[in-house]
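Source file: input_21.txt; contents: compact mmCIF, C-alpha atoms.
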```txt
# COMPACT_ATOMS: atom_id res chain seq x y z
CA MET G 1 2.13 16.03 4.30
CA THR G 2 0.44 19.31 5.14
CA ARG G 3 -0.61 21.94 2.60
CA GLU G 4 2.11 24.26 3.89
CA GLN G 5 4.79 21.58 3.44
CA SER G 6 3.51 20.87 -0.06
CA GLU G 7 3.72 24.54 -0.99
CA GLN G 8 7.28 24.83 0.28
CA ILE G 9 8.31 21.76 -1.67
CA GLU G 10 6.68 23.18 -4.79
CA GLN G 11 8.63 26.42 -4.40
CA CYS G 12 11.87 24.48 -4.10
CA TYR G 13 10.93 22.35 -7.12
CA LEU G 14 10.25 25.36 -9.32
CA ALA G 15 13.47 27.07 -8.25
CA CYS G 16 15.73 24.02 -8.62
CA TYR G 17 14.15 22.19 -11.56
CA ARG G 18 16.38 23.50 -14.35
CA PRO G 19 19.80 22.99 -12.67
CA LEU G 20 18.76 19.58 -11.35
CA LEU G 21 17.55 18.56 -14.79
CA ALA G 22 20.79 19.77 -16.39
CA TYR G 23 22.76 17.74 -13.84
CA ALA G 24 20.68 14.60 -14.40
CA ARG G 25 20.85 14.99 -18.17
CA ALA G 26 24.62 15.24 -18.04
CA ALA G 27 24.73 12.05 -16.01
CA LEU G 28 22.08 9.98 -17.76
CA GLY G 29 22.01 11.27 -21.33
CA ARG G 30 18.35 10.89 -22.26
CA GLU G 31 16.09 13.76 -21.33
CA ALA G 32 13.23 11.45 -20.30
CA LEU G 33 15.51 9.57 -17.90
CA ALA G 34 16.82 12.84 -16.49
CA GLU G 35 13.29 14.14 -15.95
CA GLU G 36 12.40 10.91 -14.21
CA ALA G 37 15.43 11.10 -11.92
CA VAL G 38 14.40 14.62 -10.85
CA GLN G 39 10.83 13.45 -10.24
CA GLU G 40 12.07 10.46 -8.24
CA ALA G 41 14.24 12.76 -6.13
CA PHE G 42 11.24 14.95 -5.32
CA GLY G 43 9.20 11.83 -4.63
CA ILE G 44 11.73 11.06 -1.86
CA VAL G 45 11.46 14.67 -0.67
CA CYS G 46 7.68 14.26 -0.38
CA ARG G 47 8.12 11.10 1.66
CA LYS G 48 10.39 12.88 4.12
CA PRO G 49 8.98 16.42 4.25
CA GLU G 50 10.02 17.15 7.85
CA GLU G 51 13.59 16.11 7.20
CA PHE G 52 13.75 18.08 3.99
CA LEU G 53 12.19 21.26 5.34
CA ALA G 54 14.39 21.15 8.43
CA ALA G 55 17.55 21.00 6.28
CA GLU G 56 19.79 24.04 6.49
CA ASN G 57 20.37 23.97 2.76
CA ARG G 58 17.36 22.45 0.98
CA ARG G 59 18.94 22.83 -2.42
CA ALA G 60 21.97 20.81 -1.32
CA TRP G 61 19.68 18.22 0.27
CA VAL G 62 17.70 17.58 -2.89
CA TYR G 63 20.89 17.61 -5.00
CA GLN G 64 22.34 14.84 -2.82
CA VAL G 65 19.12 12.86 -3.17
CA LEU G 66 19.21 13.29 -6.94
CA LYS G 67 22.81 12.12 -7.02
CA PHE G 68 21.82 9.02 -5.11
CA VAL G 69 18.88 8.39 -7.47
CA ILE G 70 21.15 8.73 -10.50
CA GLN G 71 23.79 6.41 -9.08
CA ASN G 72 21.13 3.86 -8.27
CA GLN G 73 19.64 4.17 -11.75
CA ARG G 74 23.06 3.68 -13.31
CA ARG G 75 23.72 0.60 -11.19
CA VAL G 76 20.42 -0.96 -12.26
CA GLN G 77 21.10 -0.06 -15.87
CA ALA G 78 24.62 -1.55 -15.75
CA ARG G 79 23.33 -4.78 -14.22
CA ALA G 80 20.65 -5.09 -16.87
CA GLU G 81 23.15 -4.36 -19.65
CA ARG G 82 25.41 -7.13 -18.37
CA PHE G 83 22.45 -9.46 -18.41
CA PHE G 84 21.43 -8.58 -21.95
CA SER G 85 24.97 -8.58 -23.33
CA GLY G 86 24.71 -12.37 -23.60
CA SER G 87 21.32 -12.17 -25.24
CA LEU G 88 19.13 -15.24 -25.00
CA GLU G 89 17.08 -14.07 -27.95
CA GLU G 90 19.99 -14.23 -30.34
CA ALA G 91 21.45 -17.49 -29.09
CA ASP G 92 20.92 -20.65 -31.10
CA PRO G 93 19.20 -23.15 -28.79
CA ASP G 94 21.14 -26.02 -30.36
CA SER G 95 24.45 -24.40 -29.55
CA LEU G 96 23.59 -23.84 -25.92
CA GLY G 97 24.45 -27.27 -24.69
CA THR G 98 22.91 -30.60 -23.92
CA ALA G 99 20.82 -31.94 -21.11
CA THR G 100 23.91 -33.53 -19.62
CA ASP G 101 25.60 -30.16 -19.11
CA PRO G 102 25.93 -29.03 -15.51
CA GLU G 103 23.86 -25.92 -16.28
CA ASP G 104 20.14 -25.95 -15.74
CA PRO G 105 18.67 -27.41 -18.96
CA ASP G 106 15.35 -25.77 -18.26
CA LEU G 107 17.01 -22.39 -18.39
CA LEU G 108 19.12 -23.19 -21.42
CA TYR G 109 16.25 -24.50 -23.45
CA GLY G 110 13.53 -22.48 -21.87
CA ASP G 111 11.82 -19.69 -23.71
CA LEU G 112 12.85 -17.04 -21.24
CA ALA G 113 13.59 -14.59 -24.02
CA ARG G 114 10.01 -14.75 -25.18
CA THR G 115 8.53 -13.96 -21.79
CA ALA G 116 6.81 -10.63 -21.19
CA GLU G 117 9.14 -10.01 -18.26
CA TYR G 118 12.24 -10.31 -20.40
CA ARG G 119 10.86 -7.98 -23.04
CA LEU G 120 9.78 -5.46 -20.45
CA ILE G 121 13.24 -5.20 -18.89
CA ARG G 122 14.80 -5.14 -22.31
CA ARG G 123 12.72 -2.12 -23.30
CA LEU G 124 13.95 -0.27 -20.24
CA THR G 125 17.55 -1.28 -20.75
CA GLU G 126 18.20 -1.21 -24.45
CA GLU G 127 15.73 1.43 -25.50
CA GLN G 128 16.29 3.34 -22.26
CA LEU G 129 12.64 4.20 -21.80
CA SER G 130 11.68 6.03 -18.65
CA MET G 131 9.06 4.51 -16.36
CA LEU G 132 6.63 7.20 -17.48
CA GLU G 133 7.15 6.37 -21.14
CA LEU G 134 6.75 2.66 -20.46
CA ALA G 135 3.70 3.26 -18.25
CA GLN G 136 2.06 5.36 -20.95
CA GLU G 137 2.80 2.71 -23.52
CA LEU G 138 1.26 0.02 -21.33
CA GLY G 139 -1.64 2.26 -20.34
CA ILE G 140 -0.98 1.98 -16.62
CA SER G 141 0.17 4.33 -13.86
CA VAL G 142 3.84 4.91 -13.09
CA SER G 143 3.55 3.19 -9.72
CA ALA G 144 1.84 0.15 -11.32
CA CYS G 145 4.58 0.10 -13.94
CA LYS G 146 7.28 0.17 -11.27
CA LYS G 147 5.67 -2.78 -9.54
CA ARG G 148 5.45 -4.67 -12.83
CA VAL G 149 9.13 -3.99 -13.56
CA GLN G 150 10.08 -5.05 -10.06
CA ARG G 151 8.16 -8.30 -10.46
CA ALA G 152 9.76 -8.86 -13.85
CA ARG G 153 13.23 -8.35 -12.36
CA GLU G 154 12.46 -10.78 -9.56
CA PHE G 155 11.15 -13.30 -12.08
CA LEU G 156 14.29 -13.09 -14.18
CA ARG G 157 16.50 -13.20 -11.11
CA ARG G 158 14.74 -16.35 -9.93
CA ARG G 159 14.97 -18.01 -13.31
CA LEU G 160 18.61 -17.13 -13.69
CA ARG G 161 19.39 -17.74 -10.02
CA LEU G 162 21.29 -14.49 -9.82
CA MET N 163 37.81 27.49 -12.48
CA ASP N 164 35.78 30.03 -14.42
CA LEU N 165 32.51 28.36 -15.28
CA ASN N 166 31.45 31.26 -17.49
CA LYS N 167 34.24 30.41 -19.88
CA MET N 168 33.31 26.75 -20.10
CA ASN N 169 31.16 25.51 -22.95
CA ALA N 170 28.23 23.11 -22.57
CA GLU N 171 30.38 20.08 -23.33
CA GLU N 172 32.89 20.93 -20.60
CA LEU N 173 30.18 21.67 -18.08
CA ARG N 174 28.49 18.38 -18.90
CA ALA N 175 31.76 16.50 -18.38
CA LEU N 176 32.23 18.17 -15.01
CA LEU N 177 28.72 17.24 -13.85
CA GLN N 178 29.08 13.72 -15.17
CA ALA N 179 32.30 13.29 -13.21
CA ASP N 180 30.52 14.30 -10.02
CA ALA N 181 27.57 12.03 -10.74
CA VAL N 182 29.74 8.94 -11.22
CA GLY N 183 31.43 9.42 -7.89
CA GLU N 184 34.18 12.04 -8.04
CA ASP N 185 32.34 14.07 -5.41
CA LEU N 186 33.26 17.58 -6.41
CA ASP N 187 32.51 20.66 -4.34
CA PRO N 188 28.67 20.84 -4.20
CA ALA N 189 28.68 24.61 -4.62
CA LEU N 190 30.78 24.29 -7.77
CA VAL N 191 28.57 21.52 -9.11
CA TRP N 192 25.45 23.57 -8.49
CA ALA N 193 26.92 26.61 -10.22
CA ALA N 194 27.90 24.43 -13.18
CA ALA N 195 24.41 22.93 -13.35
CA GLU N 196 22.85 26.37 -13.27
CA ARG N 197 25.17 27.56 -15.99
CA LEU N 198 24.49 24.50 -18.14
CA SER N 199 20.74 24.91 -17.70
CA GLN N 200 21.09 28.39 -19.19
CA LEU N 201 22.92 27.02 -22.21
CA GLU N 202 20.59 24.10 -22.85
CA SER N 203 16.90 24.14 -23.46
CA ALA N 204 14.56 21.77 -21.66
CA ARG N 205 11.43 20.34 -23.18
CA HIS N 206 9.38 21.17 -20.08
CA THR N 207 9.13 24.33 -18.02
CA PRO N 208 9.45 23.92 -14.23
CA GLN N 209 5.67 24.41 -13.97
CA GLU N 210 5.05 21.63 -16.48
CA GLY N 211 7.54 19.44 -14.65
CA TRP N 212 5.73 20.06 -11.37
CA LYS N 213 2.39 19.19 -12.96
CA GLN N 214 3.87 15.96 -14.28
CA PHE N 215 5.31 15.24 -10.86
CA ARG N 216 1.95 15.74 -9.14
CA THR N 217 0.20 13.56 -11.73
CA HIS N 218 2.60 10.66 -12.02
CA TYR N 219 5.23 10.62 -9.29
CA ALA N 220 4.04 12.26 -6.09
CA PRO N 221 3.26 9.74 -3.38
CA PRO N 222 -0.52 9.44 -2.98
CA GLN N 223 -1.98 11.53 -0.21
CA VAL N 224 -4.53 9.63 1.82
CA ARG N 225 -7.24 12.04 2.83
CA VAL N 226 -9.28 10.46 5.58
CA GLY N 227 -12.77 11.79 6.12
CA PRO N 228 -14.51 11.82 9.49
CA TRP N 229 -16.63 8.77 8.64
CA VAL N 230 -13.62 6.76 7.55
CA ARG N 231 -11.90 7.71 10.82
CA ARG N 232 -14.95 6.59 12.81
CA ILE N 233 -15.22 3.30 10.95
CA GLY N 234 -11.46 2.79 11.36
CA ALA N 235 -11.73 3.39 15.09
CA LEU N 236 -14.66 0.98 15.30
CA ALA N 237 -12.76 -1.68 13.33
CA ALA N 238 -9.74 -1.24 15.59
CA ALA N 239 -11.94 -1.59 18.66
CA VAL N 240 -13.53 -4.75 17.28
CA LEU N 241 -10.16 -6.27 16.43
CA LEU N 242 -8.92 -5.50 19.91
CA ILE N 243 -12.01 -7.04 21.45
CA VAL N 244 -11.80 -10.15 19.29
CA GLY N 245 -8.12 -10.47 20.11
CA LEU N 246 -8.86 -10.20 23.80
CA ALA N 247 -11.62 -12.76 23.47
CA LEU N 248 -9.33 -15.22 21.77
CA LEU N 249 -6.47 -14.69 24.15
CA ARG N 250 -8.42 -14.64 27.37
CA PRO N 251 -11.40 -16.99 27.01
CA GLN N 252 -11.90 -17.19 30.74
CA GLN N 253 -13.12 -13.58 30.82
CA ALA N 254 -16.39 -14.42 29.12
CA ALA N 255 -18.39 -11.25 29.67
CA GLY N 256 -15.71 -8.59 29.11
CA PRO N 257 -15.25 -8.54 25.32
CA LEU N 258 -18.97 -8.82 24.61
CA THR N 259 -19.99 -5.99 26.93
CA GLN N 260 -17.18 -3.85 25.54
CA ALA N 261 -18.33 -4.52 21.97
CA LEU N 262 -21.92 -3.73 22.88
CA ALA N 263 -20.90 -0.51 24.59
CA SER N 264 -18.73 0.50 21.62
CA VAL N 265 -21.74 0.49 19.29
CA GLY N 266 -24.17 2.01 21.79
CA LEU N 267 -26.11 -1.15 22.65
CA PRO N 268 -27.04 -2.13 26.23
CA ASP N 269 -23.88 -3.68 27.64
CA GLN N 270 -25.41 -6.81 29.13
CA ALA N 271 -23.72 -10.17 29.11
CA PRO N 272 -25.79 -13.35 29.21
CA ALA N 273 -25.40 -15.92 31.95
CA VAL N 274 -24.14 -18.78 29.80
CA PRO N 275 -24.51 -22.39 31.01
CA GLU N 276 -21.55 -23.73 32.93
CA GLY N 277 -18.50 -24.73 30.94
CA TYR N 278 -19.12 -22.55 27.86
CA GLN N 279 -16.13 -20.42 26.91
CA ILE N 280 -16.34 -17.34 24.71
CA ARG N 281 -14.56 -17.88 21.39
CA GLU N 282 -15.38 -14.89 19.25
CA VAL N 283 -17.02 -11.49 19.38
CA ALA N 284 -17.78 -9.62 16.17
CA VAL N 285 -19.49 -6.40 15.20
CA VAL N 286 -21.32 -6.60 11.88
CA ASN N 287 -22.57 -3.65 9.87
CA THR N 288 -25.54 -4.57 7.69
CA LEU N 289 -26.76 -1.63 5.61
CA GLY N 290 -25.89 0.76 8.41
CA LEU N 291 -27.48 -1.29 11.20
CA LEU N 292 -24.99 -2.73 13.62
CA SER N 293 -25.18 -6.06 15.32
CA VAL N 294 -22.89 -7.70 17.84
CA SER N 295 -22.51 -11.44 17.97
CA ALA N 296 -20.74 -13.62 20.47
CA THR N 297 -19.95 -17.29 20.05
CA TYR N 298 -19.41 -19.65 22.99
CA GLU N 299 -18.18 -23.21 22.86
CA LYS N 300 -18.15 -26.21 25.13
CA ASP N 301 -16.84 -29.62 24.01
CA GLY N 302 -17.67 -28.83 20.39
CA ALA N 303 -21.18 -27.54 21.18
CA VAL N 304 -21.71 -23.98 19.98
CA LEU N 305 -23.89 -21.34 21.52
CA SER N 306 -24.45 -17.97 19.92
CA VAL N 307 -25.82 -14.70 21.22
CA ARG N 308 -26.60 -11.84 18.87
CA PHE N 309 -27.77 -8.31 19.53
CA PHE N 310 -29.33 -6.39 16.62
CA GLN N 311 -29.55 -2.62 16.66
CA ASP N 312 -33.21 -1.61 16.35
CA THR N 313 -33.84 2.08 16.62
CA LEU N 314 -37.57 1.65 15.97
CA GLY N 315 -37.99 -0.37 19.16
CA ARG N 316 -40.64 -2.65 17.75
CA GLU N 317 -41.88 -5.80 19.38
CA VAL N 318 -40.65 -9.04 17.93
CA PRO N 319 -43.28 -10.44 15.55
CA ALA N 320 -44.52 -13.93 16.34
CA PRO N 321 -42.60 -16.43 14.20
CA THR N 322 -44.44 -18.71 11.82
CA GLY N 323 -44.66 -22.35 12.88
CA THR N 324 -44.51 -23.71 16.39
CA ALA N 325 -43.07 -21.36 18.96
CA GLU N 326 -43.29 -21.17 22.69
CA ARG N 327 -44.23 -17.77 24.12
CA TYR N 328 -42.17 -16.89 27.14
CA GLU N 329 -43.13 -13.73 29.01
CA THR N 330 -40.20 -11.81 30.42
CA ALA N 331 -39.73 -8.51 32.22
CA ALA N 332 -38.83 -6.93 28.84
CA GLY N 333 -41.79 -8.36 26.89
CA THR N 334 -42.64 -11.48 24.96
CA CYS N 335 -39.88 -13.84 23.94
CA TYR N 336 -40.43 -16.54 21.32
CA ILE N 337 -38.59 -19.82 21.62
CA THR N 338 -38.43 -22.09 18.60
CA ARG N 339 -36.87 -25.49 18.07
CA GLU N 340 -35.13 -26.86 15.03
CA GLU N 341 -33.86 -30.39 15.59
CA ASP N 342 -31.51 -30.12 18.61
CA THR N 343 -31.18 -26.36 18.48
CA LEU N 344 -33.29 -23.99 20.51
CA SER N 345 -33.53 -20.31 19.55
CA ALA N 346 -34.99 -17.46 21.55
CA LEU N 347 -35.80 -14.06 20.08
CA TRP N 348 -37.05 -11.03 21.94
CA ALA N 349 -36.83 -7.24 22.04
CA LEU N 350 -34.77 -5.23 24.48
CA SER N 351 -34.48 -1.48 24.80
CA GLY N 352 -33.01 -0.28 21.49
CA CYS N 353 -32.18 -3.73 20.20
CA LYS N 354 -33.36 -7.22 19.55
CA CYS N 355 -31.62 -10.25 20.92
CA ARG N 356 -31.34 -13.82 19.73
CA VAL N 357 -29.81 -16.75 21.57
CA SER N 358 -29.45 -20.12 19.95
CA GLY N 359 -27.67 -23.33 20.69
CA ASN N 360 -27.92 -26.92 21.76
CA LEU N 361 -29.61 -26.03 25.04
CA THR N 362 -32.42 -27.28 27.21
CA LEU N 363 -35.54 -25.15 27.57
CA GLU N 364 -34.55 -24.35 31.14
CA GLN N 365 -31.08 -23.25 30.10
CA ILE N 366 -32.32 -20.95 27.36
CA LYS N 367 -34.92 -19.39 29.64
CA THR N 368 -32.23 -18.71 32.23
CA MET N 369 -30.15 -17.00 29.55
CA VAL N 370 -33.13 -14.92 28.40
CA ASP N 371 -33.87 -13.90 31.97
CA SER N 372 -30.27 -12.85 32.51
CA LEU N 373 -30.62 -10.37 29.68
CA THR N 374 -34.04 -8.95 30.50
CA VAL N 375 -33.70 -8.12 34.15
```

Could you rewrite the structure in this file as structure tokens?
Amino acid sequence: MTREQSEQIEQCYLACYRPLLAYARAALGREALAEEAVQEAFGIVCRKPEEFLAAENRRAWVYQVLKFVIQNQRRVQARAERFFSGSLEEADPDSLGTATDPEDPDLLYGDLARTAEYRLIRRLTEEQLSMLELAQELGISVSACKKRVQRAREFLRRRLRL
Amino acid sequence: MDLNKMNAEELRALLQADAVGEDLDPALVWAAAERLSQLESARHTPQEGWKQFRTHYAPPQVRVGPWVRRIGALAAAVLLIVGLALLRPQQAAGPLTQALASVGLPDQAPAVPEGYQIREVAVVNTLGLLSVSATYEKDGAVLSVRFFQDTLGREVPAPTGTAERYETAAGTCYITREEDTLSALWALSGCKCRVSGNLTLEQIKTMVDSLTV
């Protein structure tokens, strides 16, 4: 991205920040999540500067991107909520079944709920932390945090065979 | 729909409906978002938001300096040459002379004994001094040729131990033996050259001559 492109994107950001944030906050509730959705939307803008700057209506372009980001965020959140609704942490291992059950005994008796991956996703889902908040808590960058979350999701997906 | 008469709760409901997929008129949604932003306070100003974006969310910009570009181009050239060497072993001289030329060394290829096929060409950077090495193979026997950049143009010092002096057009060459391996080391214009392998004395002298004429 050239300096000129960066300056134009900055101008758009400063002009659109408040309405976009209001929109995201209405959709997502928590201010930190709304801020993150706006930042993610502009992250996409920065990855496609030519496309964005060539758009007839840049404001409409970034609004559509934000809408997509929010919908995606809500989908991820809903999936995670479904997963945690049958919480492994609260389940009594003895009531989960026996080794002769058709389900995977390793999963049923495994200590998945005590894994770092499980706790990480749970913090995002139940406490609704933004990536920035989680990254700051872990003392890592946002991009490193995203990778860690992605790996955690893949780990849980593999273990649960989702 | 008069947005100015709507309170924050109503505006929020309208925006939420659009966000979950009702797809309202974008102009109306934007006006509602602008109106709502006037009614609500945000914890960050746009300038603070932009600063946060640049610090935590903006994709990293890779600024490539001229030296990095040069090294990148050199690495790409080496990879290409190695690839060519591996794919087309019958063209023994090509990749080596190209590698030598790419680092500014005399682009001479040795006359290798019959049957040897080039297997690998590599450019090595040791503390800023470049060297080019080529490996040849025949029925498991390996022969290596290496050119070292030497801007000082010094003569090769006589090695310790037993060495045969071999006078060439370019100067003195020293040939040493270690078990079945013969090695020859001598200076060329702007570089030093070493050949080593399971060769006869005649063979290694022929190779040295091919690089000093």

Using all atoms listed in the file and a distance of at most 9 Å, pull out the residues of chain N that contact chain G, as a PDB file with C-alpha atoms, in the frame of the given file.
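Output below, filename out-v9.pdb:
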```pdb
ATOM      1  CA  LEU N 173      30.180  21.670 -18.080  1.00  0.00           C
ATOM      2  CA  ARG N 174      28.490  18.380 -18.900  1.00  0.00           C
ATOM      3  CA  ALA N 175      31.760  16.500 -18.380  1.00  0.00           C
ATOM      4  CA  LEU N 176      32.230  18.170 -15.010  1.00  0.00           C
ATOM      5  CA  LEU N 177      28.720  17.240 -13.850  1.00  0.00           C
ATOM      6  CA  GLN N 178      29.080  13.720 -15.170  1.00  0.00           C
ATOM      7  CA  ALA N 179      32.300  13.290 -13.210  1.00  0.00           C
ATOM      8  CA  ASP N 180      30.520  14.300 -10.020  1.00  0.00           C
ATOM      9  CA  ALA N 181      27.570  12.030 -10.740  1.00  0.00           C
ATOM     10  CA  VAL N 182      29.740   8.940 -11.220  1.00  0.00           C
ATOM     11  CA  GLY N 183      31.430   9.420  -7.890  1.00  0.00           C
ATOM     12  CA  PRO N 188      28.670  20.840  -4.200  1.00  0.00           C
ATOM     13  CA  ALA N 189      28.680  24.610  -4.620  1.00  0.00           C
ATOM     14  CA  VAL N 191      28.570  21.520  -9.110  1.00  0.00           C
ATOM     15  CA  TRP N 192      25.450  23.570  -8.490  1.00  0.00           C
ATOM     16  CA  ALA N 193      26.920  26.610 -10.220  1.00  0.00           C
ATOM     17  CA  ALA N 194      27.900  24.430 -13.180  1.00  0.00           C
ATOM     18  CA  ALA N 195      24.410  22.930 -13.350  1.00  0.00           C
ATOM     19  CA  GLU N 196      22.850  26.370 -13.270  1.00  0.00           C
ATOM     20  CA  ARG N 197      25.170  27.560 -15.990  1.00  0.00           C
ATOM     21  CA  LEU N 198      24.490  24.500 -18.140  1.00  0.00           C
ATOM     22  CA  SER N 199      20.740  24.910 -17.700  1.00  0.00           C
ATOM     23  CA  GLN N 200      21.090  28.390 -19.190  1.00  0.00           C
ATOM     24  CA  GLU N 202      20.590  24.100 -22.850  1.00  0.00           C
ATOM     25  CA  ALA N 204      14.560  21.770 -21.660  1.00  0.00           C
ATOM     26  CA  ARG N 205      11.430  20.340 -23.180  1.00  0.00           C
ATOM     27  CA  THR N 207       9.130  24.330 -18.020  1.00  0.00           C
ATOM     28  CA  PRO N 208       9.450  23.920 -14.230  1.00  0.00           C
ATOM     29  CA  GLN N 209       5.670  24.410 -13.970  1.00  0.00           C
ATOM     30  CA  GLY N 211       7.540  19.440 -14.650  1.00  0.00           C
ATOM     31  CA  TRP N 212       5.730  20.060 -11.370  1.00  0.00           C
ATOM     32  CA  GLN N 214       3.870  15.960 -14.280  1.00  0.00           C
ATOM     33  CA  PHE N 215       5.310  15.240 -10.860  1.00  0.00           C
ATOM     34  CA  HIS N 218       2.600  10.660 -12.020  1.00  0.00           C
ATOM     35  CA  TYR N 219       5.230  10.620  -9.290  1.00  0.00           C
ATOM     36  CA  ALA N 220       4.040  12.260  -6.090  1.00  0.00           C
ATOM     37  CA  PRO N 221       3.260   9.740  -3.380  1.00  0.00           C
ATOM     38  CA  GLN N 223      -1.980  11.530  -0.210  1.00  0.00           C
TER      39      GLN N 223
END
```

Open item on the list: As an exercise, work out the distance from CA of Gln128 in chain G to CA of Glu171 in chain N in Å and give it to one decimal place.
Closed with: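 That distance, rounded to one decimal, is 21.9 Å.
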
TODO: One decimal, Å: what's the distance from CA of Gly234 in chain N over to CA of Pro257 in chain N, could you say?
DONE: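 Computing the Euclidean distance for CA of Gly234 in chain N and CA of Pro257 in chain N yields 18.4 Å.
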
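With CA of Cys145 in chain G on one side and CA of Lys48 in chain G on the other, the separation reads 22.9 Å.
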
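Each of N:Thr362, N:Thr217, N:Ser372, N:Gln311 was checked against Val265 in chain N using all atoms listed in the file; the smallest atom-to-atom distance is that of N:Gln311.
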
TODO: Have a look at N:Ala235, N:Leu361, N:Leu344, N:Ala332 and name the one nearest to Val274 in chain N; count only C-alpha atoms.
DONE: N:Leu361
